[in-house]
Each structure stands twice: as C-alpha cells, then as structure tokens.
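Student: Sharing data08.txt, compact mmCIF, C-alpha atoms and all ligand atoms:
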# COMPACT_ATOMS: atom_id res chain seq x y z
CA MET A 1 -16.89 15.51 2.91
CA SER A 2 -15.47 13.88 6.02
CA SER A 3 -13.67 10.58 5.64
CA PHE A 4 -15.09 7.31 6.90
CA PRO A 5 -14.61 6.43 10.57
CA ALA A 6 -11.29 4.90 11.62
CA ILE A 7 -11.19 1.25 12.60
CA THR A 8 -9.64 1.85 16.01
CA ALA A 9 -11.44 4.94 17.28
CA PRO A 10 -15.16 4.81 16.58
CA LYS A 11 -16.90 8.10 17.30
CA GLY A 12 -19.65 7.98 19.90
CA ALA A 13 -18.70 4.44 20.92
CA LEU A 14 -20.38 4.91 24.31
CA ALA A 15 -23.75 5.41 22.63
CA LEU A 16 -23.56 2.10 20.75
CA PRO A 17 -25.90 -0.72 21.81
CA LEU A 18 -24.13 -3.33 23.93
CA ALA A 19 -25.50 -6.41 22.16
CA PRO A 20 -23.51 -7.60 19.15
CA PRO A 21 -24.66 -5.84 16.00
CA PRO A 22 -26.56 -7.76 13.33
CA ALA A 23 -24.09 -9.33 10.93
CA HIS A 24 -26.12 -8.27 7.92
CA VAL A 25 -28.33 -5.20 7.58
CA ALA A 26 -30.29 -4.63 4.38
CA ILE A 27 -32.02 -1.36 3.57
CA ILE A 28 -34.90 -0.49 1.27
CA MET A 29 -34.09 3.15 0.60
CA ASP A 30 -37.48 4.71 -0.03
CA GLY A 31 -38.84 8.24 -0.13
CA ASN A 32 -36.49 10.18 -2.40
CA GLY A 33 -39.36 11.35 -4.60
CA ARG A 34 -41.52 12.51 -1.68
CA TRP A 35 -38.55 14.30 -0.14
CA ALA A 36 -38.02 16.24 -3.38
CA LYS A 37 -41.73 16.93 -3.87
CA ALA A 38 -42.05 18.36 -0.37
CA ARG A 39 -39.37 20.88 -1.33
CA GLY A 40 -40.73 21.68 -4.78
CA LEU A 41 -37.62 20.09 -6.31
CA PRO A 42 -37.29 17.65 -9.25
CA ARG A 43 -37.14 13.95 -8.31
CA ILE A 44 -33.45 13.79 -9.24
CA ALA A 45 -32.72 16.21 -6.39
CA GLY A 46 -34.24 13.61 -4.05
CA HIS A 47 -32.09 10.86 -5.57
CA ARG A 48 -28.96 13.02 -5.22
CA ALA A 49 -29.79 13.64 -1.57
CA GLY A 50 -30.43 9.88 -1.34
CA ALA A 51 -26.91 9.19 -2.58
CA ARG A 52 -25.56 11.37 0.26
CA ALA A 53 -27.65 9.30 2.69
CA VAL A 54 -26.05 6.15 1.23
CA ARG A 55 -22.74 7.53 2.41
CA ARG A 56 -24.13 8.12 5.91
CA ALA A 57 -25.50 4.56 6.02
CA ILE A 58 -22.11 3.12 5.04
CA GLU A 59 -20.36 5.26 7.67
CA ALA A 60 -22.86 4.09 10.31
CA ALA A 61 -22.40 0.43 9.35
CA LEU A 62 -18.62 0.82 9.61
CA GLU A 63 -18.92 2.57 12.94
CA HIS A 64 -21.15 -0.15 14.41
CA GLY A 65 -19.05 -3.03 13.09
CA VAL A 66 -21.79 -4.37 10.85
CA ARG A 67 -20.03 -6.71 8.41
CA TRP A 68 -22.64 -6.89 5.65
CA LEU A 69 -24.72 -4.01 4.31
CA THR A 70 -27.05 -4.48 1.35
CA LEU A 71 -28.78 -1.51 -0.27
CA TYR A 72 -31.74 -1.68 -2.66
CA ALA A 73 -30.77 1.01 -5.16
CA PHE A 74 -32.72 0.04 -8.28
CA SER A 75 -35.42 -2.59 -8.61
CA SER A 76 -36.20 -4.54 -11.76
CA GLU A 77 -39.52 -2.63 -11.76
CA ASN A 78 -37.73 0.75 -11.67
CA TRP A 79 -37.03 0.42 -15.42
CA ARG A 80 -40.72 1.26 -15.88
CA ARG A 81 -40.22 4.79 -14.47
CA PRO A 82 -40.19 7.71 -16.93
CA ARG A 83 -37.20 7.56 -19.26
CA GLU A 84 -35.79 10.81 -17.88
CA GLU A 85 -35.80 9.54 -14.30
CA VAL A 86 -34.16 6.23 -15.30
CA SER A 87 -31.50 8.17 -17.16
CA ASP A 88 -30.98 10.51 -14.17
CA LEU A 89 -30.64 7.53 -11.83
CA THR A 90 -28.12 5.76 -14.06
CA ALA A 91 -26.14 9.00 -14.42
CA LEU A 92 -26.12 9.30 -10.63
CA LEU A 93 -24.89 5.72 -10.31
CA ARG A 94 -22.13 6.42 -12.85
CA HIS A 95 -21.07 9.51 -10.89
CA TYR A 96 -21.26 7.65 -7.55
CA LEU A 97 -19.00 4.85 -8.79
CA LYS A 98 -16.40 7.34 -10.02
CA SER A 99 -16.45 9.57 -6.94
CA GLU A 100 -16.75 7.06 -4.08
CA ILE A 101 -14.90 3.88 -4.99
CA ALA A 102 -11.39 5.01 -4.01
CA GLU A 103 -12.57 6.02 -0.55
CA LEU A 104 -14.64 2.88 -0.09
CA ALA A 105 -11.61 0.81 -1.07
CA ALA A 106 -9.35 2.74 1.32
CA ASN A 107 -11.78 2.06 4.16
CA GLY A 108 -11.84 -1.70 3.74
CA VAL A 109 -15.18 -1.88 1.97
CA ARG A 110 -15.77 -4.68 -0.50
CA LEU A 111 -18.39 -3.87 -3.11
CA ARG A 112 -20.58 -6.41 -4.84
CA VAL A 113 -23.58 -6.05 -7.09
CA ILE A 114 -26.62 -8.29 -7.16
CA GLY A 115 -29.25 -8.11 -9.88
CA GLU A 116 -29.23 -7.95 -13.64
CA ALA A 117 -26.25 -5.66 -14.11
CA ALA A 118 -26.27 -6.64 -17.80
CA ARG A 119 -29.29 -4.36 -18.31
CA PHE A 120 -27.14 -1.28 -17.64
CA SER A 121 -25.04 0.44 -20.30
CA PRO A 122 -21.63 -1.13 -21.04
CA ASP A 123 -19.72 1.70 -19.35
CA ILE A 124 -21.68 1.26 -16.10
CA GLN A 125 -21.19 -2.50 -16.27
CA ALA A 126 -17.45 -1.91 -16.71
CA SER A 127 -17.35 0.51 -13.75
CA LEU A 128 -19.22 -2.00 -11.58
CA LYS A 129 -16.82 -4.79 -12.54
CA GLU A 130 -13.85 -2.50 -11.88
CA ALA A 131 -15.24 -1.50 -8.47
CA GLU A 132 -15.77 -5.16 -7.57
CA THR A 133 -12.22 -6.00 -8.65
CA ILE A 134 -10.56 -3.05 -6.89
CA THR A 135 -12.31 -3.84 -3.60
CA ALA A 136 -12.20 -7.66 -3.84
CA GLY A 137 -9.50 -8.01 -1.18
CA ASN A 138 -11.39 -5.99 1.45
CA ALA A 139 -13.28 -7.55 4.32
CA ARG A 140 -14.16 -4.85 6.87
CA LEU A 141 -17.59 -4.21 5.35
CA ASN A 142 -19.24 -6.18 2.57
CA LEU A 143 -21.35 -3.63 0.74
CA THR A 144 -23.82 -5.10 -1.73
CA ILE A 145 -25.77 -2.86 -4.04
CA ALA A 146 -28.94 -4.37 -5.50
CA LEU A 147 -29.27 -3.02 -9.04
CA SER A 148 -31.99 -4.04 -11.46
CA TYR A 149 -32.80 -6.51 -8.72
CA GLY A 150 -36.05 -8.40 -8.20
CA GLY A 151 -36.49 -11.18 -5.67
CA ARG A 152 -38.85 -13.23 -7.85
CA ASP A 153 -36.52 -12.88 -10.87
CA GLU A 154 -33.67 -14.08 -8.68
CA ILE A 155 -35.62 -17.14 -7.52
CA ILE A 156 -36.66 -17.97 -11.10
CA ALA A 157 -33.04 -17.67 -12.27
CA ALA A 158 -31.95 -20.03 -9.48
CA ALA A 159 -34.75 -22.48 -10.35
CA ARG A 160 -33.59 -22.40 -13.97
CA LYS A 161 -30.02 -23.26 -12.86
CA VAL A 162 -31.39 -26.13 -10.78
CA ALA A 163 -33.38 -27.41 -13.77
CA GLU A 164 -30.30 -27.22 -15.99
CA ALA A 165 -28.17 -29.05 -13.41
CA VAL A 166 -30.80 -31.80 -13.19
CA LYS A 167 -31.01 -31.99 -16.97
CA THR A 168 -27.25 -32.46 -17.37
CA GLY A 169 -27.17 -35.00 -14.56
CA ALA A 170 -25.04 -32.74 -12.31
CA LEU A 171 -27.77 -32.64 -9.66
CA ASP A 172 -30.02 -35.38 -8.32
CA PRO A 173 -33.39 -33.77 -7.42
CA ALA A 174 -33.24 -35.66 -4.11
CA ASP A 175 -30.12 -33.66 -3.22
CA LEU A 176 -31.79 -30.27 -3.64
CA ASP A 177 -31.94 -28.68 -0.20
CA GLU A 178 -31.97 -25.06 1.03
CA ALA A 179 -28.19 -24.75 0.82
CA ALA A 180 -28.08 -26.15 -2.72
CA PHE A 181 -30.81 -23.74 -3.81
CA ALA A 182 -29.28 -20.73 -2.02
CA SER A 183 -25.94 -21.41 -3.71
CA ARG A 184 -27.65 -20.59 -7.01
CA LEU A 185 -29.03 -17.22 -5.90
CA PHE A 186 -27.27 -13.89 -6.62
CA THR A 187 -26.45 -13.85 -2.90
CA ALA A 188 -24.54 -17.16 -2.91
CA GLY A 189 -21.96 -17.09 -0.14
CA MET A 190 -23.60 -14.17 1.70
CA PRO A 191 -25.33 -14.56 5.06
CA ASP A 192 -29.07 -13.89 5.10
CA PRO A 193 -30.02 -10.43 6.36
CA ASP A 194 -30.65 -10.31 10.11
CA LEU A 195 -32.34 -6.94 9.86
CA ILE A 196 -34.16 -5.26 7.00
CA ILE A 197 -34.88 -1.54 7.36
CA ARG A 198 -37.30 0.31 5.10
CA THR A 199 -37.62 4.06 5.20
CA SER A 200 -40.50 6.35 4.23
CA GLY A 201 -43.18 4.68 6.34
CA GLU A 202 -44.13 2.06 3.71
CA ARG A 203 -44.45 -1.41 5.22
CA ARG A 204 -43.66 -3.96 2.57
CA LEU A 205 -40.69 -5.80 1.06
CA SER A 206 -41.37 -4.82 -2.56
CA ASN A 207 -39.68 -7.88 -4.06
CA PHE A 208 -36.45 -7.39 -2.04
CA LEU A 209 -34.49 -10.48 -0.89
CA LEU A 210 -37.64 -12.62 -0.76
CA TRP A 211 -35.83 -15.91 -0.14
CA GLN A 212 -33.20 -14.40 2.14
CA ALA A 213 -35.70 -12.46 4.30
CA ALA A 214 -37.21 -15.65 5.76
CA TYR A 215 -36.14 -14.88 9.34
CA ALA A 216 -35.11 -11.24 9.08
CA GLU A 217 -36.32 -8.73 11.64
CA LEU A 218 -38.15 -5.90 9.90
CA ILE A 219 -37.99 -2.26 10.93
CA PHE A 220 -40.03 0.42 9.20
CA LEU A 221 -38.85 3.97 9.81
CA ASN A 222 -40.94 7.09 9.37
CA VAL A 223 -38.10 8.98 7.75
CA LEU A 224 -37.65 9.72 4.06
CA TRP A 225 -34.43 8.18 2.78
CA PRO A 226 -32.62 11.50 2.07
CA ASP A 227 -33.12 12.40 5.76
CA PHE A 228 -31.66 9.09 6.97
CA ALA A 229 -29.00 9.83 9.58
CA ALA A 230 -26.57 7.86 11.75
CA THR A 231 -29.05 8.16 14.64
CA HIS A 232 -31.69 6.25 12.66
CA PHE A 233 -29.18 3.45 12.09
CA SER A 234 -28.29 3.37 15.81
CA GLU A 235 -31.96 3.37 16.81
CA ALA A 236 -32.75 0.52 14.43
CA LEU A 237 -29.84 -1.50 15.87
CA ALA A 238 -31.04 -0.81 19.41
CA ASP A 239 -34.57 -1.95 18.47
CA TYR A 240 -33.08 -5.08 16.84
CA ALA A 241 -30.98 -5.79 19.94
CA GLY A 242 -34.14 -5.93 22.04
CA ARG A 243 -35.84 -8.53 19.87
CA GLU A 244 -35.85 -12.24 20.54
CA ARG A 245 -35.05 -14.26 17.45
CA ARG A 246 -36.26 -17.83 17.47
CA PHE A 247 -35.96 -18.86 13.82
CA GLY A 248 -39.25 -20.74 14.05
CA ALA A 249 -38.33 -22.60 17.26
CA ARG A 250 -40.65 -22.62 20.29
CA PRO A 251 -39.75 -20.26 23.17
CA GLY A 252 -37.42 -22.06 25.63
C1 LIG A 301 -36.81 5.17 -3.78
O1 LIG A 301 -37.35 6.46 -3.70
C2 LIG A 301 -35.44 5.23 -4.24
C3 LIG A 301 -35.02 4.80 -5.46
C4 LIG A 301 -35.90 4.19 -6.48
C5 LIG A 301 -33.63 4.91 -5.88
C6 LIG A 301 -32.61 4.77 -4.79
C7 LIG A 301 -31.43 5.53 -5.18
C8 LIG A 301 -30.64 6.19 -4.33
C9 LIG A 301 -30.81 6.14 -2.87
C10 LIG A 301 -29.55 7.04 -4.80
C11 LIG A 301 -28.52 6.38 -5.62
C12 LIG A 301 -27.88 5.21 -4.98
C13 LIG A 301 -26.62 4.88 -5.21
C14 LIG A 301 -26.07 3.62 -4.67
C15 LIG A 301 -25.74 5.75 -5.97
P1 LIG A 301 -38.59 6.80 -4.61
O2 LIG A 301 -38.09 7.52 -5.81
O3 LIG A 301 -39.39 5.57 -4.91
O4 LIG A 301 -39.36 7.77 -3.66
P2 LIG A 301 -40.94 7.97 -3.53
O5 LIG A 301 -41.51 6.64 -3.13
O6 LIG A 301 -41.06 9.00 -2.47
O7 LIG A 301 -41.41 8.44 -4.87
As structure tokens - that is how I would like this structure written.
Tutor:
Amino acid sequence: MSSFPAITAPKGALALPLAPPPAHVAIIMDGNGRWAKARGLPRIAGHRAGARAVRRAIEAALEHGVRWLTLYAFSSENWRRPREEVSDLTALLRHYLKSEIAELAANGVRLRVIGEAARFSPDIQASLKEAETITAGNARLNLTIALSYGGRDEIIAAARKVAEAVKTGALDPADLDEAAFASRLFTAGMPDPDLIIRTSGERRLSNFLLWQAAYAELIFLNVLWPDFAATHFSEALADYAGRERRFGARPG
C-alpha cells in the first residue's frame, strides 16, 4: 500500500477547494453489507473492503488539511448483530490496530476512541489504549474512532456525571451551561463536527454525535462505504464550501 501523503507536497493540490476545509469531518460509514451482497460475498468481505476505505478517508483528510476526522465504526446497537459478524468485526478491528498504527503515528495522526471501549475484549482494549498512548503527541490529524458508541448513551452518561457533581456539591445546577455539559461528553475537548457525511444513500444520523451535530452540515452520498474514494471526500468538501452556515442567526 502507498504511504500517506507528505505534509509539504499534497498531491492534486490544484483540485482542492479554495475555501478553508471544515475543521472537523465525521463520517457514518454505511453500506458494507450491501456492497458484499451485490458481489455474492460474505458480509465480512464488505467490512474488510470498508477498512481499506477507512485508509482512503484518512489519506484524503490529511491531504485536505482537515484537522479532525471522526469515524463511526461500531454502534452500541451493532452488538445485536449475529454473533459471527460481531466476532468478524472485532477481529478486523484487532488486525487494523496492529497493521495501521505505526503508519498513522509516523504521519502525525493522533488516535482517540469514543464509546464504551470497556465492552470489547481485554486485548482490544489494551491495543486501543496503546494506540492512544503511542499517538498522543501527534497533532496533524485527530482521528477519532467511535466504537460501541451511541449518542443517547453518551448524553445519559454525561447527565449522570452532572447529577453526581450536583450531589457532591461540586456543581451548582445554576452553573450548568452548554460548555459544562459538553465537558462531560466522550468528546470533551473536541470541536463539534462541521460536516457529517453518510454513505450508502441512507439519510439519518442513527444515534451518531447527537449533541455535537447541532449545527453540522449533512451530506448524504449515494456510494457504498467500500467504494468511498478520495474524489467523494473532495466533492463533499466542495459542497460544504458552498454552504452558508449561520448557526441559528438571521441572514445578514
Ligand atoms: C456499516 O455497514 C458498517 C459497519 C457496521 C461497520 C463499519 C466498519 C468498517 C468500515 C470497517 C472496520 C473499521 C475500522 C476502523 C477497522 P453495514 O454492515 O451496516 O452495511 P449495510 O447497511 O449495507 O448492511
């Protein structure tokens, strides 16, 4: 496989949109199963091809200078899939962590995980921790993988922390504002996504970043995730660049 793009000489720079890129792009990677079915292949073949598309998405984010990329890899609802598929997906994650981390680290990528990592096996939890530690000093691209993640679960967990802080007297309910609440989410310290892309033609958020998506631009692509290419990323950024973001304010 080719290595990630260099910092100083981005390929195809002339084709990049002129407007500044979104600081934070989040992607709902959907359609692996349909991609496999269309080829008469088992679902795991779709997930493997999806993992290769993850690499293309990271390369594209690096090339465009996007600083934050968040990928929805496994939802809290995905545990309800057939046992074999869950086991295939966790095996793929294990393999991905072993095979990709050194290169991600060498390319200035910082990896973080949001979600209930504790639901994964101890060896995967250890690999995730190790990957976070190895890449902790990097700042070129903040790559966040949402694993066993659910937006409502995240909000409930934050509400529980708020309740505990009130109970111990550490927080006065009158002081609870958006920033105080957001600091208790898995995404504490991260900017909200500017752009959320979902592949496969489905048009919903499916419990992804519910709090954080408040003002995100949404782009739904008619491409199955394993077919996701750098051009789709560029096209989404060009579409985003043409949008007017008002954050609830009246047009000027
Ligand atoms: C949705 O497709 C995709 C998933 C549930 C898993 C996403 C996993 C990957 C992209 C590969 C592994 C990722 C990493 C970071 C190693 P689907 O199975 O719901 O597809 P369908 O809707 O067509 O059935």
Student: Produce as JSON, numbers by chain the set of residues near ligand LIG 301 (chain A), where near means within 9 Å with all atoms listed in the file considered.
Tutor: {"A": [28, 29, 30, 31, 32, 33, 34, 35, 36, 37, 43, 44, 46, 47, 48, 49, 50, 51, 52, 53, 54, 55, 71, 72, 73, 74, 75, 78, 89, 90, 92, 93, 94, 95, 96, 97, 145, 146, 147, 200, 202, 224, 225, 226]}
Student: For Ser234 of chain A, which of A:Ile197, A:Leu141, A:Ala188, A:Ala118 is the closest residue, counting all atoms listed in the file?
Tutor: A:Ile197
Student: For Ile114 of chain A, please output as a VMD selection string all residues within 8 Å (counting only C-alpha atoms; exclusion window: fewer than 2 positions along the same chain).
Tutor: chain A and resid 112 116 to 117 144 to 147 149 186 to 187
Student: Quick one: distance from atom CA of Gly201 of chain A to atom CA of Leu221 of chain A in Å, one decimal?
Tutor: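 Calculated distance between atom CA of Gly201 of chain A and atom CA of Leu221 of chain A is 5.6 Å.
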Student: For Asp177 of chain A, which residue among A:Gln212, A:Leu62, A:Val162, A:Glu154 is the nearest when counting all atoms listed in the file?
Tutor: A:Val162
Student: Residues within 9 Å of Ala60 of chain A, please, as a compact mmCIF listing (two decimals) with C-alpha atoms, in the frame of the given file. Count only C-alpha atoms; anything in the same chain fewer than 5 positions from it doesn't count.
Tutor:
# COMPACT_ATOMS: atom_id res chain seq x y z
CA PRO A 5 -14.61 6.43 10.57
CA ARG A 55 -22.74 7.53 2.41
CA GLY A 65 -19.05 -3.03 13.09
CA VAL A 66 -21.79 -4.37 10.85
CA ALA A 229 -29.00 9.83 9.58
CA ALA A 230 -26.57 7.86 11.75
CA THR A 231 -29.05 8.16 14.64
CA PHE A 233 -29.18 3.45 12.09
CA SER A 234 -28.29 3.37 15.81
Student: Could you check which of A:Ala139, A:Ile124, A:Leu195, A:Ala249 is closest to Ala236 of chain A, using all atoms listed in the file?
Tutor: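 Of A:Ala139, A:Ile124, A:Leu195, A:Ala249, the one nearest Ala236 of chain A is A:Leu195, counting all atoms listed in the file.
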Student: Which residues, written as number ranges by chain, have at least one atom at most 9 Å from Leu209 of chain A, with all atoms listed in the file counted and residues fewer than 2 positions away on the same chain left out?
Tutor: A: 26, 149-152, 154, 187, 192-193, 205, 207, 211-214
Student: Between A:Asp194, A:Asp175, A:Glu164, A:Glu244, which residue has the minimum interatomic distance to Ala23 of chain A, considering only C-alpha atoms?
Tutor: A:Asp194
Student: Which is closer to Glu59 of chain A than all the others in A:Ala241, A:Leu104, A:Ala180, A:Ala163, using only C-alpha atoms?
Tutor: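 Checking each candidate against Glu59 of chain A, we get A:Leu104 as the closest.
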Student: Could you tell me how far atom CA of Gln125 of chain A sits from atom CA of Ile155 of chain A, in Å to one decimal place?
Tutor: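 Computing the Euclidean distance for atom CA of Ile155 of chain A and atom CA of Gln125 of chain A yields 22.3 Å.
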Student: Name the closest residue to Glu132 of chain A among the candidates A:Ala57, A:Ile196, A:Ala102, A:Ile156; distances are taken between atoms, counting all atoms listed in the file.
Tutor: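 Ranked by minimum distance to Glu132 of chain A, first place goes to A:Ala102.
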Student: What is the atom CA of Pro20 of chain A-atom CA of Arg67 of chain A distance in Å, reported with one decimal?
Tutor: 11.3 Å
